[in-house]
Amino acid sequence: MGLTYRTYLNGNRIFGCSKCRTHLSTTDSIISKQFQGQHGRAYLFDTVVNVEEGPSEDRHMTTGLHTVKDIFCSRCRSVLGWKYERAYEQNQRYKEGKYILEKQLLTDVN
């Protein structure tokens, strides 16, 4: 097994894993704050770092059927949210390749 290198972010507000504070994303990468996760409010991000992806699976969500991958903190392996791989409805395609991070599972790092 090789070494795992983590990315450290700069910015006004950095979001990190609530368990180990590993950097995940910044406010500059937020696309929307109008999402719901399993633990309440969630944010849609354009980019995140220091995460690992689980296997793809189809899920029925409030906005229709999507193919998603759960995402985990690369340091402590806590589930943080999911990545949209595919949206089956045309008006939901903007989510493809984007990430959901659940607010309750995040902390401010700076």
# chains A, B, ... in the order shown; residues from 1 in each chain; ligands from 1
call {"tool": "residues_around", "arguments": {"residues": "His39 in chain A", "least_positions_apart": "3", "cutoff": "10 Å", "atoms": "only C-alpha atoms", "output": "tab-separated table (two decimals) with N, CA and C atoms, in the first residue's frame"}}
result
chain	number	residue	atom	x	y	z
A	36	GLN	N	-31.10	18.43	0.18
A	36	GLN	CA	-31.36	17.62	1.37
A	36	GLN	C	-30.55	16.35	1.30
A	42	ALA	N	-27.90	19.90	2.90
A	42	ALA	CA	-26.69	19.50	2.18
A	42	ALA	C	-26.36	20.55	1.13
A	81	GLY	N	-21.21	12.12	1.92
A	81	GLY	CA	-22.26	12.46	0.96
A	81	GLY	C	-22.17	11.55	-0.24
A	102	GLU	N	-22.96	16.68	3.10
A	102	GLU	CA	-23.99	16.96	4.09
A	102	GLU	C	-23.46	17.89	5.18
A	103	LYS	N	-24.20	18.95	5.45
A	103	LYS	CA	-23.76	19.99	6.38
A	103	LYS	C	-23.42	19.43	7.76
A	104	GLN	N	-24.21	18.50	8.26
A	104	GLN	CA	-23.98	17.93	9.58
A	104	GLN	C	-22.67	17.16	9.67
A	105	LEU	N	-22.15	16.72	8.54
A	105	LEU	CA	-20.92	15.93	8.51
A	105	LEU	C	-19.69	16.78	8.21
call {"tool": "residues_around", "arguments": {"residues": "Glu89 in chain A", "least_positions_apart": "6", "cutoff": "10 Å", "atoms": "only C-alpha atoms", "output": "number ranges by chain"}}
result
A: 63-66
call {"tool": "select_by_dssp", "arguments": {"residues": "chain A", "states": "strand (DSSP E or B)", "output": "number ranges by chain"}}
result
A: 14-17, 23-26, 30-37, 40-45, 51-61, 64-73, 79-87, 99-102, 106-108
call {"tool": "atom_distance", "arguments": {"atom1": "CA of Thr26 in chain A", "atom2": "CA of Arg41 in chain A"}}
result
16.8 Å
call {"tool": "residues_around", "arguments": {"residues": "Glu96 in chain A", "least_positions_apart": "5", "cutoff": "12 Å", "atoms": "only C-alpha atoms", "output": "PyMOL selection string"}}
result
chain A and resi 44-47+66-69+82-91
call {"tool": "write_last_selection", "arguments": {"atoms": "N, CA and C atoms", "output": "PDB file, in the first residue's frame"}}
result
ATOM      1  N   LEU A  44     -24.426  21.352  -2.712  1.00  0.00           N
ATOM      2  CA  LEU A  44     -23.930  20.816  -3.974  1.00  0.00           C
ATOM      3  C   LEU A  44     -22.641  21.545  -4.314  1.00  0.00           C
ATOM      4  N   PHE A  45     -21.551  20.789  -4.495  1.00  0.00           N
ATOM      5  CA  PHE A  45     -20.230  21.347  -4.782  1.00  0.00           C
ATOM      6  C   PHE A  45     -19.778  20.958  -6.182  1.00  0.00           C
ATOM      7  N   ASP A  46     -19.035  21.855  -6.803  1.00  0.00           N
ATOM      8  CA  ASP A  46     -18.431  21.577  -8.103  1.00  0.00           C
ATOM      9  C   ASP A  46     -17.210  20.680  -7.946  1.00  0.00           C
ATOM     10  N   THR A  47     -16.380  20.958  -6.944  1.00  0.00           N
ATOM     11  CA  THR A  47     -15.171  20.170  -6.725  1.00  0.00           C
ATOM     12  C   THR A  47     -14.980  19.886  -5.239  1.00  0.00           C
ATOM     13  N   HIS A  66     -31.186   8.616 -10.170  1.00  0.00           N
ATOM     14  CA  HIS A  66     -29.808   9.054 -10.403  1.00  0.00           C
ATOM     15  C   HIS A  66     -28.866   7.872 -10.151  1.00  0.00           C
ATOM     16  N   THR A  67     -27.754   7.847 -10.882  1.00  0.00           N
ATOM     17  CA  THR A  67     -26.660   6.931 -10.562  1.00  0.00           C
ATOM     18  C   THR A  67     -25.677   7.725  -9.720  1.00  0.00           C
ATOM     19  N   VAL A  68     -25.373   7.240  -8.524  1.00  0.00           N
ATOM     20  CA  VAL A  68     -24.524   7.967  -7.581  1.00  0.00           C
ATOM     21  C   VAL A  68     -23.464   7.038  -6.998  1.00  0.00           C
ATOM     22  N   LYS A  69     -22.443   7.659  -6.406  1.00  0.00           N
ATOM     23  CA  LYS A  69     -21.407   6.956  -5.653  1.00  0.00           C
ATOM     24  C   LYS A  69     -21.301   7.641  -4.295  1.00  0.00           C
ATOM     25  N   TRP A  82     -22.388  12.123  -1.426  1.00  0.00           N
ATOM     26  CA  TRP A  82     -22.328  11.319  -2.643  1.00  0.00           C
ATOM     27  C   TRP A  82     -21.946  12.156  -3.849  1.00  0.00           C
ATOM     28  N   LYS A  83     -21.572  11.456  -4.920  1.00  0.00           N
ATOM     29  CA  LYS A  83     -21.251  12.087  -6.199  1.00  0.00           C
ATOM     30  C   LYS A  83     -22.293  11.640  -7.221  1.00  0.00           C
ATOM     31  N   TYR A  84     -22.822  12.598  -7.960  1.00  0.00           N
ATOM     32  CA  TYR A  84     -23.762  12.278  -9.036  1.00  0.00           C
ATOM     33  C   TYR A  84     -22.982  11.819 -10.263  1.00  0.00           C
ATOM     34  N   GLU A  85     -23.221  10.603 -10.695  1.00  0.00           N
ATOM     35  CA  GLU A  85     -22.602  10.077 -11.906  1.00  0.00           C
ATOM     36  C   GLU A  85     -23.500  10.317 -13.118  1.00  0.00           C
ATOM     37  N   ARG A  86     -24.807  10.065 -12.944  1.00  0.00           N
ATOM     38  CA  ARG A  86     -25.734  10.209 -14.058  1.00  0.00           C
ATOM     39  C   ARG A  86     -27.099  10.616 -13.547  1.00  0.00           C
ATOM     40  N   ALA A  87     -27.726  11.534 -14.262  1.00  0.00           N
ATOM     41  CA  ALA A  87     -29.115  11.912 -14.014  1.00  0.00           C
ATOM     42  C   ALA A  87     -29.937  11.432 -15.200  1.00  0.00           C
ATOM     43  N   TYR A  88     -31.040  10.767 -14.946  1.00  0.00           N
ATOM     44  CA  TYR A  88     -31.842  10.194 -16.023  1.00  0.00           C
ATOM     45  C   TYR A  88     -32.840  11.198 -16.602  1.00  0.00           C
ATOM     46  N   GLU A  89     -33.115  12.278 -15.889  1.00  0.00           N
ATOM     47  CA  GLU A  89     -34.014  13.308 -16.399  1.00  0.00           C
ATOM     48  C   GLU A  89     -33.182  14.473 -16.918  1.00  0.00           C
ATOM     49  N   GLN A  90     -33.575  14.981 -18.077  1.00  0.00           N
ATOM     50  CA  GLN A  90     -32.812  16.040 -18.754  1.00  0.00           C
ATOM     51  C   GLN A  90     -32.590  17.262 -17.861  1.00  0.00           C
ATOM     52  N   ASN A  91     -33.612  17.689 -17.126  1.00  0.00           N
ATOM     53  CA  ASN A  91     -33.491  18.906 -16.315  1.00  0.00           C
ATOM     54  C   ASN A  91     -32.634  18.720 -15.059  1.00  0.00           C
TER      55      ASN A  91
END
call {"tool": "residues_around", "arguments": {"residues": "Thr4 in chain A", "least_positions_apart": "6", "cutoff": "10 Å", "atoms": "only C-alpha atoms", "output": "ChimeraX atom specification"}}
result
/A:50,74-75
call {"tool": "write_last_selection", "arguments": {"atoms": "N, CA and C atoms", "output": "mmCIF file, in the first residue's frame"}}
result
data_model
loop_
_atom_site.group_PDB
_atom_site.id
_atom_site.type_symbol
_atom_site.label_atom_id
_atom_site.label_comp_id
_atom_site.auth_asym_id
_atom_site.auth_seq_id
_atom_site.Cartn_x
_atom_site.Cartn_y
_atom_site.Cartn_z
ATOM 1 N N ASN A 50 -9.690 15.100 -1.328
ATOM 2 C CA ASN A 50 -9.472 14.193 -0.198
ATOM 3 C C ASN A 50 -10.658 13.275 0.096
ATOM 4 N N SER A 74 -10.928 10.555 2.884
ATOM 5 C CA SER A 74 -9.756 9.725 2.575
ATOM 6 C C SER A 74 -8.902 9.441 3.809
ATOM 7 N N ARG A 75 -9.105 10.198 4.871
ATOM 8 C CA ARG A 75 -8.310 9.974 6.090
ATOM 9 C C ARG A 75 -9.002 9.029 7.069
#
call {"tool": "residues_around", "arguments": {"residues": "Thr107 in chain A", "least_positions_apart": "4", "cutoff": "6 Å", "atoms": "only C-alpha atoms", "output": "list of chain:residue names"}}
result
A:Phe15, A:Gly16, A:Ser18
call {"tool": "residues_around", "arguments": {"residues": "Asn110 in chain A", "least_positions_apart": "5", "cutoff": "8 Å", "atoms": "only C-alpha atoms", "output": "VMD selection string"}}
result
chain A and resid 12 to 14
call {"tool": "closest_residue", "arguments": {"among": "A:Ser78, A:Val109, A:Gln38, A:Lys33", "to": "Glu53 in chain A", "atoms": "only C-alpha atoms"}}
result
A:Ser78
call {"tool": "closest_residue", "arguments": {"among": "A:Cys17, A:Leu80, A:Ile100, A:Ser25", "to": "Val49 in chain A", "atoms": "only C-alpha atoms"}}
result
A:Ser25
call {"tool": "atom_distance", "arguments": {"atom1": "CA of Leu24 in chain A", "atom2": "CA of Gly37 in chain A"}}
result
17.0 Å
call {"tool": "select_by_dssp", "arguments": {"residues": "chain A", "states": "helix (DSSP H, G or I)", "output": "list in words"}}
result
Thr27, Asp28, Ser29, Gln90, Asn91, Gln92, Arg93, Tyr94, Lys95, Lys103, Gln104 and Leu105 of chain A
call {"tool": "closest_residue", "arguments": {"among": "A:Asp28, A:Glu57, A:Glu52, A:Asp108", "to": "Cys73 in chain A", "atoms": "only C-alpha atoms"}}
result
A:Glu52
call {"tool": "atom_distance", "arguments": {"atom1": "CA of Lys19 in chain A", "atom2": "CA of Val79 in chain A"}}
result
10.4 Å
call {"tool": "closest_residue", "arguments": {"among": "A:Ser56, A:Val48, A:Gly40, A:Thr62", "to": "Thr27 in chain A", "atoms": "only C-alpha atoms"}}
result
A:Val48
call {"tool": "closest_residue", "arguments": {"among": "A:Phe72, A:Tyr99, A:Tyr5, A:Tyr94", "to": "Ile30 in chain A", "atoms": "only C-alpha atoms"}}
result
A:Tyr99
